[in-house]
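J.: Next up, protein_0.tsv (TSV, C-alpha atoms).
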chain	number	residue	atom	x	y	z
A	518	MET	CA	0.00	0.00	0.00
A	519	LEU	CA	1.63	-11.20	3.72
A	520	GLY	CA	-0.81	-10.23	6.30
A	521	ALA	CA	-0.92	-12.70	9.18
A	522	VAL	CA	-4.56	-11.86	9.97
A	523	HIS	CA	-7.02	-13.75	7.76
A	524	LEU	CA	-10.55	-12.39	7.70
A	525	PRO	CA	-13.59	-14.03	6.11
A	526	LEU	CA	-14.08	-12.53	2.65
A	527	MET	CA	-17.86	-12.26	3.03
A	528	GLU	CA	-17.52	-9.89	5.99
A	529	ILE	CA	-15.75	-7.21	3.97
A	530	SER	CA	-17.93	-5.21	1.60
A	531	PRO	CA	-16.37	-3.41	-1.38
A	532	ARG	CA	-19.02	-0.65	-1.20
A	533	PRO	CA	-17.03	1.74	1.03
A	534	MET	CA	-14.13	1.45	-1.42
A	535	LEU	CA	-16.45	2.27	-4.32
A	536	TYR	CA	-18.19	5.18	-2.56
A	537	ALA	CA	-14.93	6.71	-1.38
A	538	ARG	CA	-13.37	6.44	-4.79
A	539	GLY	CA	-16.49	7.80	-6.48
A	540	SER	CA	-16.46	10.90	-4.26
A	541	SER	CA	-12.75	11.51	-4.59
A	542	VAL	CA	-12.75	11.30	-8.38
A	543	CYS	CA	-15.32	14.09	-8.65
A	544	MET	CA	-12.61	16.36	-7.21
A	545	TYR	CA	-10.05	14.59	-9.40
A	546	THR	CA	-12.01	15.39	-12.56
A	547	TRP	CA	-12.29	19.12	-11.91
A	548	VAL	CA	-8.64	19.45	-10.91
A	549	SER	CA	-7.45	17.49	-13.96
A	550	ALA	CA	-9.84	19.06	-16.46
A	551	PHE	CA	-7.62	22.05	-17.12
A	552	GLY	CA	-4.82	20.87	-19.40
A	553	GLU	CA	-6.48	17.68	-20.65
A	554	GLY	CA	-7.30	19.29	-23.98
A	555	PHE	CA	-3.82	20.81	-24.25
A	556	ARG	CA	-2.24	17.44	-23.49
A	557	ASN	CA	-4.21	15.58	-26.15
A	558	HIS	CA	-3.50	18.25	-28.77
A	559	SER	CA	0.23	17.94	-28.07
A	560	LEU	CA	0.15	14.17	-28.64
A	561	MET	CA	-1.03	14.48	-32.24
A	562	SER	CA	1.49	14.35	-35.08
A	563	SER	CA	2.30	17.60	-36.89
A	564	HIS	CA	0.51	16.25	-39.98
A	565	GLU	CA	-2.64	15.45	-38.02
A	566	SER	CA	-2.63	18.79	-36.20
A	567	CYS	CA	-2.25	20.78	-39.38
A	568	THR	CA	-5.03	18.80	-41.05
A	569	LEU	CA	-7.40	19.31	-38.14
A	570	ARG	CA	-6.64	23.03	-37.92
A	571	ALA	CA	-6.96	23.68	-41.66
A	572	GLY	CA	-9.28	26.57	-42.45
A	573	VAL	CA	-9.95	27.57	-38.85
A	574	ASP	CA	-9.97	31.35	-38.32
A	575	PRO	CA	-9.18	32.10	-34.64
A	576	SER	CA	-10.95	35.47	-34.93
A	577	MET	CA	-14.23	33.62	-35.54
A	578	VAL	CA	-14.03	31.83	-32.21
A	579	PRO	CA	-15.15	33.93	-29.19
A	580	PHE	CA	-12.60	34.35	-26.41
A	581	ALA	CA	-14.87	32.54	-23.94
A	582	LEU	CA	-14.93	29.49	-26.21
A	583	GLN	CA	-11.14	29.63	-26.54
A	584	VAL	CA	-10.82	29.49	-22.73
A	585	LEU	CA	-13.41	26.70	-22.50
A	586	GLY	CA	-11.28	24.78	-25.00
A	587	PHE	CA	-9.07	23.76	-22.08
A	588	PHE	CA	-12.08	21.85	-20.72
A	589	LYS	CA	-13.10	20.24	-24.01
A	590	GLY	CA	-14.56	16.78	-23.81
A	591	MET	CA	-14.91	16.81	-20.03
A	592	SER	CA	-18.72	16.60	-19.74
A	593	PHE	CA	-18.87	12.89	-20.53
A	594	PRO	CA	-15.92	11.90	-18.29
A	595	LEU	CA	-17.41	14.04	-15.50
A	596	LEU	CA	-20.61	12.01	-15.66
A	597	SER	CA	-18.88	8.64	-15.90
A	598	VAL	CA	-15.56	9.09	-14.09
A	599	ALA	CA	-16.99	8.22	-10.67
A	600	LEU	CA	-18.17	4.84	-11.95
A	601	VAL	CA	-15.03	4.15	-13.97
A	602	ASN	CA	-12.60	5.09	-11.20
A	603	SER	CA	-14.65	3.27	-8.59
A	604	VAL	CA	-14.03	0.17	-10.69
A	605	ILE	CA	-10.28	0.91	-10.61
A	606	PHE	CA	-10.01	1.09	-6.83
A	607	GLY	CA	-12.73	-1.51	-6.35
A	608	ALA	CA	-10.86	-3.99	-8.57
A	609	TYR	CA	-7.56	-3.19	-6.86
A	610	SER	CA	-8.93	-3.40	-3.31
A	611	ASN	CA	-10.78	-6.65	-3.88
A	612	ALA	CA	-7.88	-8.24	-5.75
A	613	LEU	CA	-5.55	-7.25	-2.91
A	614	LEU	CA	-8.02	-8.57	-0.36
A	615	TYR	CA	-8.21	-11.88	-2.24
A	616	LEU	CA	-4.41	-12.17	-2.41
A	617	SER	CA	-3.53	-11.09	1.14
A	618	ALA	CA	-6.80	-11.51	3.11
A	619	THR	CA	-5.95	-8.28	4.93
A	620	HIS	CA	-8.62	-5.62	5.50
A	621	HIS	CA	-7.91	-2.00	4.60
A	622	HIS	CA	-7.70	-0.97	8.28
A	623	ASP	CA	-5.07	-3.65	8.98
A	624	ARG	CA	-2.80	-2.92	6.02
A	625	HIS	CA	-0.70	-0.37	7.88
A	626	ALA	CA	0.13	-2.86	10.64
A	627	ASN	CA	0.28	-5.86	8.28
A	628	PRO	CA	1.23	-4.50	4.84
A	629	PRO	CA	0.72	-6.81	1.86
A	630	SER	CA	3.74	-7.88	-0.15
A	631	TYR	CA	4.92	-5.86	-3.14
A	632	ALA	CA	4.13	-8.86	-5.37
A	633	HIS	CA	0.50	-8.73	-4.22
A	634	ILE	CA	0.33	-4.97	-4.82
A	635	LEU	CA	1.77	-5.31	-8.33
A	636	THR	CA	-0.59	-8.17	-9.18
A	637	ALA	CA	-3.66	-6.34	-7.86
A	638	GLY	CA	-2.60	-3.14	-9.63
A	639	SER	CA	-2.11	-4.94	-12.93
A	640	PHE	CA	-5.54	-6.54	-12.61
A	641	SER	CA	-7.04	-3.11	-11.88
A	642	GLY	CA	-5.29	-1.64	-14.94
A	643	LEU	CA	-6.73	-4.35	-17.16
A	644	ILE	CA	-10.26	-3.78	-15.87
A	645	GLN	CA	-9.84	-0.01	-16.24
A	646	ALA	CA	-8.67	-0.30	-19.84
A	647	VAL	CA	-11.70	-2.34	-20.87
A	648	VAL	CA	-14.24	-0.16	-19.04
A	649	LEU	CA	-12.56	3.14	-19.91
A	650	ALA	CA	-11.94	2.56	-23.63
A	651	PRO	CA	-15.19	4.04	-25.08
A	652	VAL	CA	-15.20	6.93	-22.59
A	653	ASP	CA	-11.59	7.80	-23.33
A	654	LEU	CA	-12.15	7.55	-27.09
A	655	ILE	CA	-15.09	9.99	-26.99
A	656	LYS	CA	-13.11	12.41	-24.80
A	657	VAL	CA	-10.11	12.39	-27.16
A	658	ARG	CA	-12.29	12.87	-30.27
A	659	LEU	CA	-14.09	15.84	-28.70
A	660	GLN	CA	-10.89	17.45	-27.43
A	661	ASN	CA	-9.36	17.35	-30.91
A	662	GLN	CA	-12.10	19.45	-32.45
A	663	PHE	CA	-10.61	22.88	-33.03
A	664	HIS	CA	-13.82	24.89	-33.44
A	665	PRO	CA	-17.45	24.66	-32.26
A	666	TYR	CA	-20.00	22.47	-34.00
A	667	GLY	CA	-21.51	24.14	-37.08
A	668	LEU	CA	-18.94	26.95	-37.26
A	669	LYS	CA	-17.91	27.43	-40.89
A	670	SER	CA	-14.20	27.37	-41.59
A	671	LEU	CA	-12.34	29.60	-44.07
A	672	MET	CA	-12.28	26.72	-46.56
A	673	GLY	CA	-16.04	26.20	-46.41
A	674	ALA	CA	-15.86	22.97	-44.42
A	675	SER	CA	-18.77	21.97	-42.23
A	676	GLY	CA	-16.87	22.66	-39.00
A	677	ALA	CA	-16.73	20.29	-36.05
A	678	GLN	CA	-17.85	16.71	-36.52
A	679	TYR	CA	-19.57	16.11	-33.19
A	680	ARG	CA	-22.19	18.12	-31.28
A	681	GLY	CA	-21.36	16.51	-27.93
A	682	PRO	CA	-20.48	13.22	-26.21
A	683	VAL	CA	-23.75	11.42	-27.02
A	684	HIS	CA	-23.61	12.48	-30.67
A	685	CYS	CA	-19.93	11.53	-30.80
A	686	GLY	CA	-20.58	8.03	-29.44
A	687	ALA	CA	-23.56	7.50	-31.74
A	688	SER	CA	-21.57	8.71	-34.77
A	689	ILE	CA	-18.64	6.41	-34.04
A	690	PHE	CA	-21.03	3.48	-33.56
A	691	HIS	CA	-22.84	4.29	-36.82
A	692	GLU	CA	-19.67	4.81	-38.87
A	693	GLU	CA	-17.30	2.26	-37.33
A	694	GLY	CA	-19.51	-0.23	-35.50
A	695	VAL	CA	-19.14	-1.54	-31.95
A	696	MET	CA	-15.42	-2.18	-32.40
A	697	GLY	CA	-14.96	1.45	-33.37
A	698	LEU	CA	-15.83	2.42	-29.79
A	699	PHE	CA	-12.88	0.31	-28.64
A	700	ARG	CA	-10.35	1.80	-31.07
A	701	GLY	CA	-6.96	2.03	-29.35
A	702	THR	CA	-7.91	-0.44	-26.61
A	703	TRP	CA	-4.77	-2.56	-27.04
A	704	ALA	CA	-2.60	0.52	-26.56
A	705	LEU	CA	-4.74	1.43	-23.54
A	706	VAL	CA	-4.19	-2.05	-22.06
A	707	LEU	CA	-0.44	-1.86	-22.71
A	708	ARG	CA	-0.40	1.55	-21.04
A	709	ASP	CA	-2.59	0.87	-18.01
A	710	VAL	CA	-1.66	-2.65	-16.88
A	711	PRO	CA	1.93	-1.82	-15.91
A	712	THR	CA	1.39	1.83	-14.98
A	713	ILE	CA	-1.53	1.23	-12.60
A	714	ALA	CA	0.62	-1.41	-10.89
A	715	ILE	CA	3.44	1.16	-10.60
A	716	TYR	CA	0.89	3.74	-9.43
A	717	PHE	CA	-0.26	1.76	-6.40
A	718	LEU	CA	3.20	0.38	-5.63
A	719	THR	CA	4.71	3.88	-5.61
A	720	TYR	CA	1.97	5.24	-3.36
A	721	THR	CA	2.33	2.37	-0.89
A	722	SER	CA	6.13	2.58	-0.89
A	723	PHE	CA	6.18	6.31	-0.19
A	724	CYS	CA	3.59	5.97	2.56
A	725	GLN	CA	5.60	3.22	4.24
A	726	ALA	CA	8.88	5.13	3.90
A	727	MET	CA	7.42	8.33	5.40
A	728	THR	CA	5.40	6.70	8.21
A	729	ALA	CA	6.48	4.96	11.39
A	730	GLN	CA	5.85	1.21	11.37
A	731	GLY	CA	2.31	0.32	12.37
A	732	GLN	CA	1.07	3.92	12.12
A	733	GLU	CA	-1.37	5.43	9.63
A	734	PRO	CA	0.14	7.98	7.20
A	735	GLY	CA	-0.70	11.62	7.89
A	736	GLN	CA	-2.39	13.93	5.43
A	737	ARG	CA	0.88	15.47	4.31
A	738	THR	CA	2.30	12.02	3.67
A	739	VAL	CA	-0.76	11.01	1.66
A	740	LEU	CA	-0.50	14.18	-0.44
A	741	VAL	CA	3.19	13.66	-1.19
A	742	ALA	CA	2.84	9.92	-1.81
A	743	GLY	CA	-0.21	10.39	-4.04
A	744	GLY	CA	1.43	13.16	-6.02
A	745	CYS	CA	4.63	11.16	-6.52
A	746	ALA	CA	2.62	8.08	-7.52
A	747	GLY	CA	0.82	10.08	-10.20
A	748	THR	CA	3.99	11.73	-11.50
A	749	ILE	CA	6.02	8.51	-11.71
A	750	SER	CA	3.21	6.46	-13.25
A	751	TRP	CA	2.55	9.11	-15.92
A	752	ALA	CA	6.25	9.25	-16.78
A	753	PHE	CA	6.00	5.54	-17.62
A	754	ALA	CA	2.59	5.91	-19.31
A	755	THR	CA	3.36	8.83	-21.64
A	756	PRO	CA	5.00	6.91	-24.54
A	757	LEU	CA	2.03	4.58	-24.96
A	758	ASP	CA	-0.36	7.44	-24.26
A	759	VAL	CA	0.98	9.08	-27.44
A	760	ILE	CA	0.31	5.92	-29.44
A	761	LYS	CA	-3.09	5.40	-27.82
A	762	THR	CA	-4.25	8.92	-28.70
A	763	ARG	CA	-3.10	8.63	-32.31
A	764	LEU	CA	-4.86	5.30	-32.76
A	765	GLN	CA	-8.06	6.78	-31.31
A	766	MET	CA	-7.93	9.61	-33.87
A	767	ASP	CA	-7.11	7.17	-36.66
A	768	GLY	CA	-9.30	7.61	-39.73
A	769	VAL	CA	-10.87	10.91	-38.62
A	770	LYS	CA	-8.79	13.02	-41.02
A	771	GLY	CA	-7.18	10.53	-43.36
A	772	VAL	CA	-4.41	9.14	-41.13
A	773	SER	CA	-4.34	5.34	-41.03
A	774	TYR	CA	-2.35	2.92	-38.86
A	775	GLY	CA	-2.31	-0.85	-39.07
A	776	GLY	CA	-2.15	-1.28	-35.31
A	777	VAL	CA	-0.04	-0.46	-32.28
A	778	TRP	CA	3.30	-1.47	-33.77
A	779	ASP	CA	2.54	0.18	-37.12
A	780	CYS	CA	1.66	3.41	-35.30
A	781	ILE	CA	4.94	3.22	-33.36
A	782	ARG	CA	6.91	2.62	-36.57
A	783	ILE	CA	5.29	5.45	-38.54
A	784	SER	CA	5.53	7.90	-35.62
A	785	VAL	CA	9.26	7.21	-35.13
A	786	GLN	CA	9.93	7.47	-38.88
A	787	ARG	CA	8.20	10.85	-39.11
A	788	GLU	CA	9.23	12.48	-35.84
A	789	GLY	CA	12.06	10.44	-34.34
A	790	PRO	CA	12.28	8.72	-30.93
A	791	GLN	CA	11.49	12.00	-29.16
A	792	VAL	CA	7.89	11.53	-30.27
A	793	PHE	CA	7.37	9.33	-27.19
A	794	LEU	CA	8.05	12.32	-24.94
A	795	LYS	CA	5.22	14.38	-26.39
A	796	GLY	CA	2.86	15.53	-23.65
A	797	LEU	CA	5.29	14.53	-20.88
A	798	THR	CA	5.55	18.04	-19.45
A	799	PRO	CA	1.79	18.71	-19.09
A	800	ASN	CA	1.31	15.15	-17.82
A	801	ILE	CA	3.83	15.68	-15.01
A	802	ILE	CA	2.65	19.21	-14.17
A	803	ARG	CA	-0.96	18.17	-13.67
A	804	SER	CA	-0.39	14.65	-12.31
A	805	PHE	CA	1.10	15.67	-8.96
A	806	PRO	CA	-1.77	17.88	-7.68
A	807	VAL	CA	-4.44	15.72	-9.30
A	808	ASN	CA	-3.31	12.48	-7.68
A	809	ALA	CA	-2.42	14.15	-4.39
A	810	VAL	CA	-6.04	15.33	-4.15
A	811	THR	CA	-7.34	11.96	-5.32
A	812	PHE	CA	-5.58	9.90	-2.64
A	813	LEU	CA	-6.21	12.44	0.13
A	814	SER	CA	-9.93	12.49	-0.67
A	815	TYR	CA	-10.07	8.72	-0.97
A	816	GLU	CA	-8.32	8.03	2.32
A	817	ASN	CA	-10.32	10.62	4.29
A	818	ILE	CA	-13.71	9.56	2.91
A	819	LEU	CA	-12.86	5.93	3.49
A	820	LYS	CA	-12.20	6.70	7.17
A	821	LEU	CA	-15.60	8.36	7.47
A	822	ILE	CA	-17.71	5.60	5.93
A	823	CYS	CA	-15.84	2.44	6.97
What would you get if you wrote out this structure as structure tokens?
T.:
Amino acid sequence: MLGAVHLPLMEISPRPMLYARGSSVCMYTWVSAFGEGFRNHSLMSSHESCTLRAGVDPSMVPFALQVLGFFKGMSFPLLSVALVNSVIFGAYSNALLYLSATHHHDRHANPPSYAHILTAGSFSGLIQAVVLAPVDLIKVRLQNQFHPYGLKSLMGASGAQYRGPVHCGASIFHEEGVMGLFRGTWALVLRDVPTIAIYFLTYTSFCQAMTAQGQEPGQRTVLVAGGCAGTISWAFATPLDVIKTRLQMDGVKGVSYGGVWDCIRISVQREGPQVFLKGLTPNIIRSFPVNAVTFLSYENILKLIC
């Protein structure tokens, strides 16, 4: 975060974990909203960005809409993030409970092994990738629209492709079928399985290193550990996050990849190995406060309802 205390599994309900995580991620979403659009724009290739921007006159876009562009695509994640992230911590907590049979309250006195934490984190990452795929796809598509729906461009194009998250999901389903909603899922799995494991392992390691044995970590410790966990995990996640985003935008404006490895090959050929560092700076800048708030909210709410 091998316990010697074994508790009956039926006596431990996952609901507090889900409620606590659901409440904490509401704060997580608002803190992380700013910069999400900027991050996803930075992950696109120069060819894709130029194609998407073609014919857009900045003077035609009101200043208020330019500011709101930093929050593009956040309405759908805001409505679904509590459920999705509850699954993340719910899957992790229950997997860790199954492996170590140690209740959350006892994990400070009897911490589970690092192998158990890595296994539970990997399982959580896999579940997250499957559940999150359509939500993440819709968010990325909306964030990469460079002008409001219906606004005419200088070249006479029809403007943005999607009116909102529901229209975006329906359009993808109509044009690409069910599998279209899971575009980029393999890259999402390759990103999340190891990085979620690193995420929880880092948080637990920092908490243990900064807390006396057998004691609960203080709020400052939770903030630092959570922030460091987010920063380190995103440093590992960024290269595949670049590939994931490009695969999710595949086909929208004429760019086509044959899969994860083809996307990696084409991206390196066009932009060099440094392409995998795209978006690293905004990822690191926002990940520390976002995950510090996430873990602090989660731990405090869990204490109140358990």
J.: Rounded to one decimal in Å, what is the spacing between CA of Glu692 (chain A) and CA of Val652 (chain A)?
T.: 17.0 Å
J.: Could you give me, as a PyMOL selection string, the residues within 8 Å of Leu705 (chain A), counting only C-alpha atoms and dropping anything in the same chain fewer than 4 positions from it?
T.: chain A and resi 646+650+701+709+757-758+761
J.: Excluding Asp779 (chain A) and any residue of its chain fewer than 3 positions from it, enumerate the residues within 12 Å of it, using all atoms listed in the file, and give them as an MDAnalysis selection string.
T.: chainID A and resid 704 760 763:764 767 773:776 782:786
J.: For a quick check of your reading of the model, name the residues lying within 7 Å of the coordinate (-4.7, 11.0, -7.9), counting all atoms listed in the file, and write them as a VMD selection string.
T.: chain A and resid 545 743 to 744 747 807 to 812
J.: Atoms to include: C-alpha atoms. Write the selected residues as a PDB file, in the coordinates of the input.
T.:
ATOM      1  CA  TYR A 545     -10.050  14.590  -9.400  1.00  0.00           C
ATOM      2  CA  GLY A 743      -0.210  10.390  -4.040  1.00  0.00           C
ATOM      3  CA  GLY A 744       1.430  13.160  -6.020  1.00  0.00           C
ATOM      4  CA  GLY A 747       0.820  10.080 -10.200  1.00  0.00           C
ATOM      5  CA  VAL A 807      -4.440  15.720  -9.300  1.00  0.00           C
ATOM      6  CA  ASN A 808      -3.310  12.480  -7.680  1.00  0.00           C
ATOM      7  CA  ALA A 809      -2.420  14.150  -4.390  1.00  0.00           C
ATOM      8  CA  VAL A 810      -6.040  15.330  -4.150  1.00  0.00           C
ATOM      9  CA  THR A 811      -7.340  11.960  -5.320  1.00  0.00           C
ATOM     10  CA  PHE A 812      -5.580   9.900  -2.640  1.00  0.00           C
TER      11      PHE A 812
END
J.: Between CA of Thr728 (chain A) and CA of Pro628 (chain A), what is the distance in Å, rounded to a tenth?
T.: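 Result for CA of Thr728 (chain A) versus CA of Pro628 (chain A): 12.4 Å, one decimal.
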J.: Using all atoms listed in the file, which residue out of A:Cys780, A:Leu614, A:Leu813, A:Leu794 lies closest to Arg737 (chain A)?
T.: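 The shortest atom-to-atom distance to Arg737 (chain A) comes from A:Leu813.
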J.: Measuring between all atoms listed in the file, which one of A:Asn817, A:Gln678, A:Ser722, A:Gln662 shows the shortest distance to Ser630 (chain A)?
T.: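 Counting all atoms listed in the file, the residue closest to Ser630 (chain A) is A:Ser722.
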J.: Between CA of Phe606 (chain A) and CA of Val657 (chain A), what is the distance, to one decimal in Å?
T.: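 Distance reported for this atom pair: 23.3 Å.
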J.: Taking all atoms listed in the file into account, name the residue in A:Asp653, A:Gly735, A:Ala714, A:Val706 that is nearest to Ala632 (chain A).
T.: A:Ala714
